[in-house]
Structures are given as structure tokens and as C-alpha cells.
Amino acid sequence: MGRKLLTEHINVEGINTFEVYRKHGGYRSVEKALKTMTPDEVVEEVKKSGLRGRGGAGFPTGMKWSFLAKPEGVPRYLVCNADESEPGTFKDRQLMSKLPHLLIEGMITSSYALGANTSYIYIRGELLYVLRILEKAIAEAYAAGFLGKNILGSGYDLDLHVHPGGGAYICGEETALLESLEGKRGNPRNKPPFPAVQGLYARPTVVNNVESIAAVPVIVNEGGDEYAKIGVGRSTGTKLISACGHLNKPGIYEIELGLPVEEFIYSDEYCGGIWKGRELKAVVAGGSSVPILPKELILKTAAGEKRLMTYESLSDGGFVTGTMLGSGGFIAMDETTCIVRNTWNFSRFYHHESCGQCSPCREGTGWMEKVLHRLEHGHGHMEDIDLLVSVAKQIEGNTICPLGEAAAWPVAAAVRHFRHEFEWHVTHAKEAAQPGAVYRANAVLV
Amino acid sequence: METTAVKPQFSEAAQAEIKRLLTHYPDDRRKSALLPVLHIAQAEFGGWVSPEVQDLVAEVLDIKPIEVYEVATFYTMFNLKPVGKHVLEICRTGPCMLRGSDELTAHLERITGAKVGGPASADGLFTLKEVECLAACGFAPIVQVREKYYEQLDTPEAVDAMLTELRNQVHRPALPWEETGLPNALANN
């Protein structure tokens with residue numbers, strides 16, 4: 001059983017209230033940081049912890065913090081990215097709705113480290129009910145003197161607000177998020193300048209994922225070195241994994257990084273295996289944007305080593321035989337899953353969510369959706385398969401923000417690992433178009 | 001925008017909430033409150049934001065109407081046409097599809113008589129809308145109605161329970177800032 005650094009108390013009755021949260025050691029990191037540490041010392045601990053951005057990119061949080069420009073007399077901001085929208089990912093929603101004070105505590109300690117006096121939690125608009133939970137908890141924190149003027153007599157002031165989005169996946173991209181927070185369409189900005197220099201209202205800004213911020217209290221309480229002892233190599237600490245799809249026990253699991261993928265899928269402590277006694281066919285391990293892997297390659301690397309839940313192990317083999325840990329959105333697919341249909345579904349998602357700013361993404365996602373739709377519905381041609389790969393390649397690297405890559409990678413990987421299935425959709429177009437039809441080792445399963 | 005209809009007005013409760021929200025942003029950045037205010041507007045005026053309502057939002061925030069239009073049309077949560085009493089937002093993305101969202105959508109079309117993307121059901125109760133990932137994939141398939149998530153709708157019983165609950169709702173659930181009674185626009189909803 002791994003250590004639970006974030007979710008140890010998640011099922012305690014009333015843990016969403018200030019009183020109960022405080023009784024279980026809540027807000028200690030605020031006391032420690034504000035009373036005994038300088039802001040730079042807090043940054044130093046986060047650097048030592050090796051914490052990497054939990055939203056998907058995996059960029060070291062401490063390093064991101066150290067890039068923040070600090071011109072004299074200019075306000076700077078911390079913005080929490082709670083725009084959780086990556087298909088397969090639902091950890092932040094759970095964390096915020098059950099442990100609102102953990103995020104608030106993390107926001108206070110982190111804002112102090114960055115010298116921000118106003119901070120925002122940008123939450124996706126669909127989660128208005130979670131916004132209500134957070135606002136209630138924030139009011140409690142103000143009443144207890146952990147927010148507002150002169151927090152705990154330290155002379156440090158902080159206001160914290162929650163801001164809802166309006167239903168746009170793209171706002172999870174940090175510059176689109178800032179545009180949205182300014183009341184505009186969520187069009188990502190050209191970089192540079194980076195948010196660390198010109199972010200919200202053109203002022204220095206750090207944007208961090210909910211789970212990254214929520215890890216800061218334990219890092220401050222126990223020290224960065226202690227935190228770094230958990231995990232494997234450069235994958236330190238714990239990670240929330242959103243397990244979904246065809247699993248016996250879907251849900252949120254906090255794992256120590258380094259857990260073998262096979263254990264995560266099959267052990268009763270975690271997902272309890274594949275539902276209905278079926279076989280696993282494929283996994284998308286880090287949210288819909290990362291490459292899909294067939295069973296053989298998700299359980300073991302191409303070199304035959306056990307695949308681990310770490311940034312490095314999951315990406316072993318690059319995109320030829322590996323994938324990414326990403327956001328930890330772990331989507332398992334059983335043997336009855338049609339890969340073409342699933343890829344079409346994801347392409348439709350990216351086409352729907354493309355902001356339309358860059359032609360390769362706006363047009364390319366539409367093309368991929370169209371071609372996949374005709375393959376899935378029995379009107380495809382053999383050339384369509386390479387056409388998909390070609391379109392994906394032309395999007396990749398040619399857009400302002402990574403939505404282009406996010407749309408291209410799943411398609412390229414699906415063709416790479418399941419080309420036979422795409423070909424079968426052409427050679428057996430009529431059968432393939434039947435509802436529920438699935439290619440399975442030259443046999444049709446209906 | 002020229003119109004003969006009565007100009008919409010925010011209820012007192014909504015006006016107070018907007019005033020509170022505006023304190024969250026710098027004084028010269030009132031536009032920042034646009035998305036939160038659009039959510040309030042949609043709740044106040046029958047689940048959608050008409051051009052007149054968007055003009056009202058522009059007026060309240062002291063920005064140009066076009067600044068509201070371009071935002072309201074970008075974000076998919078804002079309904080730009082009249083809707084039924086309850087808008088059922090069915091998640092259609094991968095993880096929900098793996099757990100039966102296609103079947104759920106077909107089932108909901110059959111029993112409500114409404115079509116996804118079409119007008120409300122004949123009784124005016126239900127509008128069906130397909131949406132992308134709602135971040136609740138472990139509890140798929142999912143439908144969102146206003147602020148509530150209905151999860152694991154993989155049995156007819158679960159779907160019936162949701163529809164019964166909605167049919168029995170005379171008014172939409174009150175929002176935290178609507179302290180007493182119900183705001184003026186609820187009669188329309």
C-alpha cells in the first residue's frame with residue numbers, strides 16, 4: 001500500500017469544513033511558511049522535491065516558479081489551473097470537491113512563495129457546483145484569518161478568488177486560460193513573452209495545476225528532500241491517477257510514482273482488472289492526447305522491461321513504442337473496443353475544441369475527423385490511412401499551442417499500432433460499419 | 001440592438017452577486033467578470049442568453065456588445081437559442097462512449113421525444129445537447145443538468161430516476177446568492 005500524501009483524509013466525515021480539516025493537520029504549511037520561512041526558502045523546498053507539473057506537461061514546478069519575473073512595484077499573480085478537461089482525467093474535480101481546503105492551503109503557501117497578493121482558481125464552467133464548494137471553504141479560511149490582510153500576523157496579505165470558465169477545453173492551455181480570465185475568447189497567445197513575464201493583465205504570472213498546488217503543503221511540512229524520497233528517479237512523489245474505461249473499479253487512485261502498470265490494472269488494491277472478465281486490448285495512459293498503446297506495450301516496454309507508472313518508464317521507446325504519463329487520465333479498453341471508432345471520437349473532440357486560430361489545427365482536425373468518420377462508417381479507402389498520418393504530421397509543430405499535437409498524436413499512434421484494424425475497415429467495410437463490430441485477429445465480433 | 005421586447009433586467013439578488021464578483025478583479029478590468037456574469041444571466045433568463053440579455057451584460061460591465069457576443073459564441077456552455085425547462089448535457093467523449101453514452105443518447109431521444117441538437121421535447125421539458133468530456137469519466141456515462149452531475153446512467157432505472165427528479169422540479173434549484181424566495185425570472189424557467 002503506497003503512501004497517500006494528498007488524499008489520506010479524503011474520506012473523513014466533514015473534511016470539507018475548515019474545522020475538521022484543521023484538526024487533521026490542515027493549514028500547518030501556511031503557519032510554517034509564513035512564520036519560519038522566507039518566500040525563497042519555500043521555492044527552494046519545492047525545487048528540491050522534484051515536483052513536476054501534474055496537469056500533463058510534467059515541467060518541474062520549482063523551476064517554473066523561479067522563472068517568475070519580479071519587477072519592483074508590479075503585482076504578480078498565481079493562477080490555479082482547475083480547467084480539468086482532458087478526456088479521461090477527473091482527479092482535480094474529486095480533489096476540489098472533497099478536499100477544498102487542501103487546494104486553498106496550497107494556494108496560500110504557494111502565493112506566499114511567489115509574492116502574489118491576489119490569486120485565482122480558474123475552474124471549468126461545468127464545475128459550478130465545485131466552485132460553490134470552494135467559495136464556501138474560502139469564506140471559512142478568511143474568517144479563520146488564513147486569507148485577507150496580515151495573515152497570521154505575518155504582514156502578508158492574500159485575496160483568493162474562484163473564476164469559472166464557460167466550456168472550452170482550450171482554456172486548459174495556460175495562455176488561453178489567462179485570456180479567458182480577462183473576459184475574452186480562449187485563444188492561446190504567441191510565446192514569448194511567457195506568462196512568467198507577461199501573464200494575467202500583462203503582469204508576471206505563474207499558472208499551476210490543482211494537483212501540483214495541492215502537493216505544496218506536504219512538501220513544505222516534510223521538506224523537499226523527504227518528498228523526493230518517494231518515487232523513482234526524476235518521478236518523485238505521488239500522482240493521482242484517474243482510472244476509467246473498461247475497468248472493474250474505475251475511480252481516483254493516489255499512487256506512489258513507480259508502481260508497475262500491471263499491478264495498477266490488475267491488483268484488487270487498484271483497478272481490479274478488466275470488467276466482465278474480458279481481456280485488455282489497449283490503454284491511453286495519460287489523457288486522450290497521449291499515444292495509445294496495445295496491451296503488450298503498456299505492460300512491458302519494447303525492451304521487455306516492466307512498464308512503471310513514471311514519466312520516464314511510460315515514455316520509454318519514445319512515440320514508437322512508448323507514450324506519456326501526461327495528466328494521469330488512464331483509459332483502459334477491453335477486447336470489444338473498436339480502435340477506429342475510438343480514434344474518430346477523439347478526433348471529433350479535438351475538432352470541436354480547436355479554437356480556430358491556426359489553420360493547420362482548425363482545418364487538420366476537421367480533416368482527420370472526416371476521414372476517420374468515413375473509415376468507421378464503411379466509406380473509407382486504403383489511401384485514407386496514410387492520409388491520416390500525413391495530416392497529423394502537418395499539424396504537429398505548426399500551431400501556436402499544443403492542441404495541435406494533442407490532436408495529432410492519438411491518430412498517429414492508433415495507425416502505428418493498429419494499422420490492420422484500419423485496413424480491415426476498408427477491406428470489410430460493410431461488416432465494419434455494423435454497430436458494435438470489432439476487428440479481432442481476423443475475426444468479426446458483433 | 002433594436003427590439004420591441006421588454007428590456008431584461010437582473011433581479012436584485014443577481015445584481016448584488018455581480019457587484020460582489022466585480023470586487024474580484026482590478027477596477028479597470030471589469031471585463032474579467034464576463035464569464036461569471038454570463039453564467040448568472042443564463043440562470044436568470046430561462047437557461048439561455050438572448051441578444052437582448054447579452055446587451056444587458058455588456059451594459060452592466062461597461063463593455064461593447066460585440067465583446068459579449070464574441071465570447072458567448074465561443075464558449076459552449078452558453079445557449080444562444082431558447083431551450084426547454086431542463087437542458088440535458090450528455091457527455092459523448094471517449095471514456096463515456098466506452099461505457100455506453102451512445103446507447104444513453106439513443107435512449108434519452110426515445111423517451112423524451114427530443115433530438116440531440118434539436119428543439120425541446122413537445123412538452124417543453126427537455127432539451128438534449130451532446131457535450132464533450134465533463135471530467136467525471138470514472139462515473140460514466142454522465143449527464144449534466146445545470147450544476148448537477150447525474151452519474152453512472154448505465155441502467156434504465158438510473159435514467160428514470162433522473163428524469164423523475166427533473167419532472168418533479170417546479171423551479172430550478174436556488175443558487176447560493178438567491179438567499180430568499182426566487183428571483184423574478186424563475187417564472188419563465
# chains A, B, ... in the order shown; residues from 1 in each chain; ligands from 1
call {"tool": "residues_around", "arguments": {"residues": "Glu256 in chain A", "least_positions_apart": "5", "cutoff": "7 Å", "atoms": "only C-alpha atoms", "output": "VMD selection string"}}
result
chain A and resid 2 to 3 230 to 231 237 to 239
call {"tool": "write_last_selection", "arguments": {"atoms": "N, CA and C atoms", "output": "CSV table (one decimal), in the first residue's frame"}}
result
chain,number,residue,atom,x,y,z
A,2,GLY,N,0.7,2.1,-1.0
A,2,GLY,CA,1.6,3.3,-1.1
A,2,GLY,C,1.1,4.4,-0.1
A,3,ARG,N,2.0,5.3,0.1
A,3,ARG,CA,1.7,6.5,0.9
A,3,ARG,C,0.7,7.4,0.2
A,230,ILE,N,10.2,9.6,-2.1
A,230,ILE,CA,9.1,8.8,-2.7
A,230,ILE,C,9.3,8.8,-4.2
A,231,GLY,N,9.0,7.7,-4.9
A,231,GLY,CA,9.1,7.6,-6.3
A,231,GLY,C,10.3,7.0,-6.8
A,237,GLY,N,7.5,11.6,-5.7
A,237,GLY,CA,6.2,11.8,-5.0
A,237,GLY,C,5.1,10.9,-5.5
A,238,THR,N,3.9,11.4,-5.2
A,238,THR,CA,2.7,10.6,-5.6
A,238,THR,C,2.0,11.3,-6.7
A,239,LYS,N,1.1,10.5,-7.4
A,239,LYS,CA,0.3,11.1,-8.5
A,239,LYS,C,-1.1,10.5,-8.4
call {"tool": "select_by_dssp", "arguments": {"residues": "range 296-445 of chain A", "states": "strand (DSSP E)", "output": "short mmCIF file (atom, residue, chain, number, x, y, z; two decimals) with C-alpha atoms, in the first residue's frame"}}
result
data_model
loop_
_atom_site.label_atom_id
_atom_site.label_comp_id
_atom_site.auth_asym_id
_atom_site.auth_seq_id
_atom_site.Cartn_x
_atom_site.Cartn_y
_atom_site.Cartn_z
CA GLY A 329 -6.02 10.05 -17.22
CA PHE A 330 -5.83 6.28 -17.56
CA ILE A 331 -8.33 4.93 -20.09
CA ALA A 332 -8.47 1.14 -20.39
CA MET A 333 -10.14 -0.53 -23.37
CA ASP A 334 -11.24 -4.14 -23.47
CA VAL A 438 -14.90 -5.02 -33.93
CA TYR A 439 -11.81 -6.27 -35.72
CA ARG A 440 -10.23 -9.01 -33.69
CA ALA A 443 -12.46 -12.40 -36.82
CA VAL A 444 -15.52 -10.21 -36.54
CA LEU A 445 -17.04 -9.89 -33.14
#
call {"tool": "closest_atom_pairs", "arguments": {"of": "chain A", "to": "chain B", "cutoff": "7 Å", "atoms": "only C-alpha atoms", "output": "JSON lines"}}
result
{"residue": "A:Glu84", "atom": "CA", "partner": "B:Ala135", "partner_atom": "CA", "distance": 6.5}
{"residue": "A:Ser85", "atom": "CA", "partner": "B:Ala135", "partner_atom": "CA", "distance": 5.8}
{"residue": "A:Pro87", "atom": "CA", "partner": "B:Cys133", "partner_atom": "CA", "distance": 5.5}
{"residue": "A:Gly88", "atom": "CA", "partner": "B:Cys137", "partner_atom": "CA", "distance": 5.6}
{"residue": "A:Thr89", "atom": "CA", "partner": "B:Ala135", "partner_atom": "CA", "distance": 5.8}
{"residue": "A:Phe90", "atom": "CA", "partner": "B:Ala135", "partner_atom": "CA", "distance": 4.5}
{"residue": "A:Leu128", "atom": "CA", "partner": "B:Glu147", "partner_atom": "CA", "distance": 5.9}
{"residue": "A:Tyr129", "atom": "CA", "partner": "B:Glu147", "partner_atom": "CA", "distance": 5.5}
{"residue": "A:His161", "atom": "CA", "partner": "B:His24", "partner_atom": "CA", "distance": 6.3}
{"residue": "A:His163", "atom": "CA", "partner": "B:Pro36", "partner_atom": "CA", "distance": 7.0}
{"residue": "A:Pro164", "atom": "CA", "partner": "B:Pro36", "partner_atom": "CA", "distance": 6.0}
{"residue": "A:Gly165", "atom": "CA", "partner": "B:Leu35", "partner_atom": "CA", "distance": 6.3}
{"residue": "A:Gly166", "atom": "CA", "partner": "B:Tyr75", "partner_atom": "CA", "distance": 5.1}
{"residue": "A:Gly167", "atom": "CA", "partner": "B:Thr76", "partner_atom": "CA", "distance": 5.2}
{"residue": "A:Ala168", "atom": "CA", "partner": "B:Tyr75", "partner_atom": "CA", "distance": 5.8}
{"residue": "A:Leu181", "atom": "CA", "partner": "B:Ser32", "partner_atom": "CA", "distance": 5.7}
{"residue": "A:Glu182", "atom": "CA", "partner": "B:Ser32", "partner_atom": "CA", "distance": 4.3}
{"residue": "A:Gly183", "atom": "CA", "partner": "B:Ser32", "partner_atom": "CA", "distance": 4.3}
{"residue": "A:Lys184", "atom": "CA", "partner": "B:Val71", "partner_atom": "CA", "distance": 6.1}
{"residue": "A:Arg185", "atom": "CA", "partner": "B:Val71", "partner_atom": "CA", "distance": 5.2}
{"residue": "A:Ala243", "atom": "CA", "partner": "B:Gly138", "partner_atom": "CA", "distance": 6.2}
{"residue": "A:Cys244", "atom": "CA", "partner": "B:Gly138", "partner_atom": "CA", "distance": 4.6}
{"residue": "A:Gly245", "atom": "CA", "partner": "B:Pro95", "partner_atom": "CA", "distance": 5.4}
{"residue": "A:Pro250", "atom": "CA", "partner": "B:Gly138", "partner_atom": "CA", "distance": 5.1}
{"residue": "A:Gly251", "atom": "CA", "partner": "B:Gly138", "partner_atom": "CA", "distance": 5.0}
{"residue": "A:Ile331", "atom": "CA", "partner": "B:Pro95", "partner_atom": "CA", "distance": 6.8}
{"residue": "A:Asn342", "atom": "CA", "partner": "B:Gly94", "partner_atom": "CA", "distance": 6.2}
{"residue": "A:Asn345", "atom": "CA", "partner": "B:Gly94", "partner_atom": "CA", "distance": 6.0}
{"residue": "A:Phe346", "atom": "CA", "partner": "B:Gly94", "partner_atom": "CA", "distance": 6.3}
{"residue": "A:Phe349", "atom": "CA", "partner": "B:Glu132", "partner_atom": "CA", "distance": 6.6}
call {"tool": "residues_around", "arguments": {"residues": "Val143 in chain B", "least_positions_apart": "2", "cutoff": "8 Å", "atoms": "only C-alpha atoms", "output": "list in words"}}
result
Leu88, Glu89, Ile90, Cys91, Pro141, Val145, Tyr149, Tyr150, Glu151 and Leu153 of chain B
call {"tool": "atom_distance", "arguments": {"atom1": "CA of Trp275 in chain A", "atom2": "CA of Ser289 in chain A"}}
result
24.0 Å
call {"tool": "residues_around", "arguments": {"residues": "Lys91 in chain A", "least_positions_apart": "6", "cutoff": "7 Å", "atoms": "only C-alpha atoms", "output": "PyMOL selection string"}}
result
chain A and resi 240-242+252
call {"tool": "write_last_selection", "arguments": {"atoms": "N, CA and C atoms", "output": "PDB file, in the first residue's frame"}}
result
ATOM      1  N   LEU A 240      -2.023  11.425  -8.677  1.00  0.00           N
ATOM      2  CA  LEU A 240      -3.419  10.989  -8.741  1.00  0.00           C
ATOM      3  C   LEU A 240      -3.676  10.438 -10.140  1.00  0.00           C
ATOM      4  N   ILE A 241      -4.162   9.222 -10.179  1.00  0.00           N
ATOM      5  CA  ILE A 241      -4.484   8.620 -11.468  1.00  0.00           C
ATOM      6  C   ILE A 241      -6.004   8.507 -11.579  1.00  0.00           C
ATOM      7  N   SER A 242      -6.533   9.013 -12.677  1.00  0.00           N
ATOM      8  CA  SER A 242      -7.965   8.891 -12.945  1.00  0.00           C
ATOM      9  C   SER A 242      -8.135   7.634 -13.785  1.00  0.00           C
ATOM     10  N   ILE A 252     -10.483   7.340  -8.663  1.00  0.00           N
ATOM     11  CA  ILE A 252      -9.236   8.073  -8.457  1.00  0.00           C
ATOM     12  C   ILE A 252      -8.340   7.285  -7.524  1.00  0.00           C
TER      13      ILE A 252
END
call {"tool": "residues_around", "arguments": {"residues": "Val389 in chain A", "least_positions_apart": "3", "cutoff": "8 Å", "atoms": "only C-alpha atoms", "output": "VMD selection string"}}
result
chain A and resid 385 to 386 392 to 393 411 to 412 415
call {"tool": "residues_around", "arguments": {"residues": "Glu72 in chain A", "least_positions_apart": "2", "cutoff": "12 Å", "atoms": "only C-alpha atoms", "output": "ChimeraX atom specification"}}
result
/A:69-70,74-76,115,203-204
call {"tool": "residues_around", "arguments": {"residues": "Leu125 in chain B", "least_positions_apart": "5", "cutoff": "10 Å", "atoms": "only C-alpha atoms", "output": "list in words"}}
result
Val83, Gly84, Lys85, His86, Val87, Thr112, Ala114, Ala120, Leu163, Leu166, Arg167 and Asn189 of chain B
call {"tool": "closest_residue", "arguments": {"among": "B:Pro156, B:Ile63, B:Lys129, B:Pro82", "to": "Glu103 in chain B", "atoms": "only C-alpha atoms"}}
result
B:Pro156
call {"tool": "atom_distance", "arguments": {"atom1": "CA of Tyr253 in chain A", "atom2": "CA of Trp344 in chain A"}}
result
28.4 Å
call {"tool": "select_by_dssp", "arguments": {"residues": "range 136-175 of chain B", "states": "alpha helix (DSSP H)", "output": "JSON, numbers by chain"}}
result
{"B": [156, 157, 158, 159, 160, 161, 162, 163, 164, 165, 166, 167]}
call {"tool": "decode", "arguments": {"residues": "range 149-185 of chain A", "atoms": "N, CA and C atoms", "output": "compact mmCIF listing (two decimals), in the first residue's frame"}}
result
# COMPACT_ATOMS: atom_id res chain seq x y z
N LYS A 149 -6.07 40.32 4.98
CA LYS A 149 -4.93 41.18 5.38
C LYS A 149 -4.13 40.53 6.51
N ASN A 150 -2.83 40.71 6.45
CA ASN A 150 -1.96 40.36 7.57
C ASN A 150 -2.22 38.95 8.10
N ILE A 151 -2.04 37.98 7.24
CA ILE A 151 -2.37 36.59 7.58
C ILE A 151 -1.51 36.10 8.75
N LEU A 152 -2.14 35.63 9.79
CA LEU A 152 -1.47 35.13 11.00
C LEU A 152 -0.47 36.14 11.57
N GLY A 153 -0.76 37.42 11.37
CA GLY A 153 0.11 38.46 11.92
C GLY A 153 1.46 38.57 11.22
N SER A 154 1.56 37.95 10.03
CA SER A 154 2.86 37.91 9.34
C SER A 154 3.13 39.15 8.50
N GLY A 155 2.08 39.95 8.30
CA GLY A 155 2.23 41.09 7.40
C GLY A 155 1.95 40.74 5.96
N TYR A 156 1.71 39.47 5.68
CA TYR A 156 1.44 39.03 4.30
C TYR A 156 -0.06 39.07 4.03
N ASP A 157 -0.43 39.69 2.89
CA ASP A 157 -1.84 39.79 2.50
C ASP A 157 -2.11 38.91 1.28
N LEU A 158 -3.26 38.27 1.30
CA LEU A 158 -3.64 37.50 0.11
C LEU A 158 -5.16 37.44 -0.06
N ASP A 159 -5.61 37.78 -1.26
CA ASP A 159 -7.00 37.55 -1.62
C ASP A 159 -7.05 36.40 -2.63
N LEU A 160 -8.02 35.53 -2.43
CA LEU A 160 -8.14 34.35 -3.31
C LEU A 160 -9.55 34.29 -3.88
N HIS A 161 -9.65 34.18 -5.19
CA HIS A 161 -10.96 34.15 -5.85
C HIS A 161 -11.07 32.95 -6.79
N VAL A 162 -12.30 32.49 -6.96
CA VAL A 162 -12.55 31.41 -7.92
C VAL A 162 -13.25 32.01 -9.13
N HIS A 163 -12.81 31.60 -10.32
CA HIS A 163 -13.34 32.16 -11.56
C HIS A 163 -13.78 31.02 -12.47
N PRO A 164 -15.03 31.03 -12.93
CA PRO A 164 -15.48 29.93 -13.80
C PRO A 164 -15.19 30.17 -15.27
N GLY A 165 -14.88 29.12 -15.99
CA GLY A 165 -14.77 29.18 -17.44
C GLY A 165 -16.16 29.02 -18.05
N GLY A 166 -16.20 28.72 -19.34
CA GLY A 166 -17.51 28.65 -20.00
C GLY A 166 -17.67 27.43 -20.89
N GLY A 167 -16.79 26.44 -20.72
CA GLY A 167 -16.91 25.25 -21.56
C GLY A 167 -16.01 25.37 -22.78
N ALA A 168 -14.71 25.23 -22.58
CA ALA A 168 -13.75 25.28 -23.68
C ALA A 168 -12.47 24.57 -23.22
N TYR A 169 -12.24 23.41 -23.83
CA TYR A 169 -11.04 22.61 -23.50
C TYR A 169 -9.78 23.43 -23.62
N ILE A 170 -9.74 24.31 -24.62
CA ILE A 170 -8.54 25.06 -24.92
C ILE A 170 -8.09 25.93 -23.73
N CYS A 171 -9.03 26.27 -22.87
CA CYS A 171 -8.66 27.14 -21.74
C CYS A 171 -7.79 26.42 -20.71
N GLY A 172 -7.55 25.14 -20.90
CA GLY A 172 -6.57 24.45 -20.06
C GLY A 172 -5.15 24.81 -20.47
N GLU A 173 -4.99 25.35 -21.68
CA GLU A 173 -3.68 25.85 -22.12
C GLU A 173 -3.48 27.16 -21.40
N GLU A 174 -2.30 27.36 -20.78
CA GLU A 174 -2.23 28.43 -19.79
C GLU A 174 -2.45 29.83 -20.33
N THR A 175 -2.02 30.12 -21.55
CA THR A 175 -2.24 31.48 -22.04
C THR A 175 -3.69 31.69 -22.49
N ALA A 176 -4.34 30.61 -22.96
CA ALA A 176 -5.77 30.70 -23.28
C ALA A 176 -6.55 30.93 -21.99
N LEU A 177 -6.11 30.25 -20.95
CA LEU A 177 -6.75 30.41 -19.64
C LEU A 177 -6.68 31.87 -19.18
N LEU A 178 -5.51 32.48 -19.37
CA LEU A 178 -5.36 33.88 -18.94
C LEU A 178 -6.23 34.81 -19.77
N GLU A 179 -6.31 34.54 -21.08
CA GLU A 179 -7.20 35.33 -21.94
C GLU A 179 -8.63 35.21 -21.41
N SER A 180 -9.01 33.98 -21.08
CA SER A 180 -10.37 33.72 -20.61
C SER A 180 -10.64 34.43 -19.29
N LEU A 181 -9.64 34.44 -18.43
CA LEU A 181 -9.76 35.13 -17.13
C LEU A 181 -9.87 36.64 -17.33
N GLU A 182 -9.39 37.11 -18.44
CA GLU A 182 -9.53 38.54 -18.76
C GLU A 182 -10.86 38.84 -19.46
N GLY A 183 -11.68 37.81 -19.62
CA GLY A 183 -13.01 38.02 -20.21
C GLY A 183 -13.03 37.93 -21.72
N LYS A 184 -12.06 37.21 -22.29
CA LYS A 184 -12.00 37.12 -23.75
C LYS A 184 -12.21 35.69 -24.22
N ARG A 185 -12.24 35.52 -25.56
CA ARG A 185 -12.24 34.17 -26.13
C ARG A 185 -10.95 33.47 -25.73
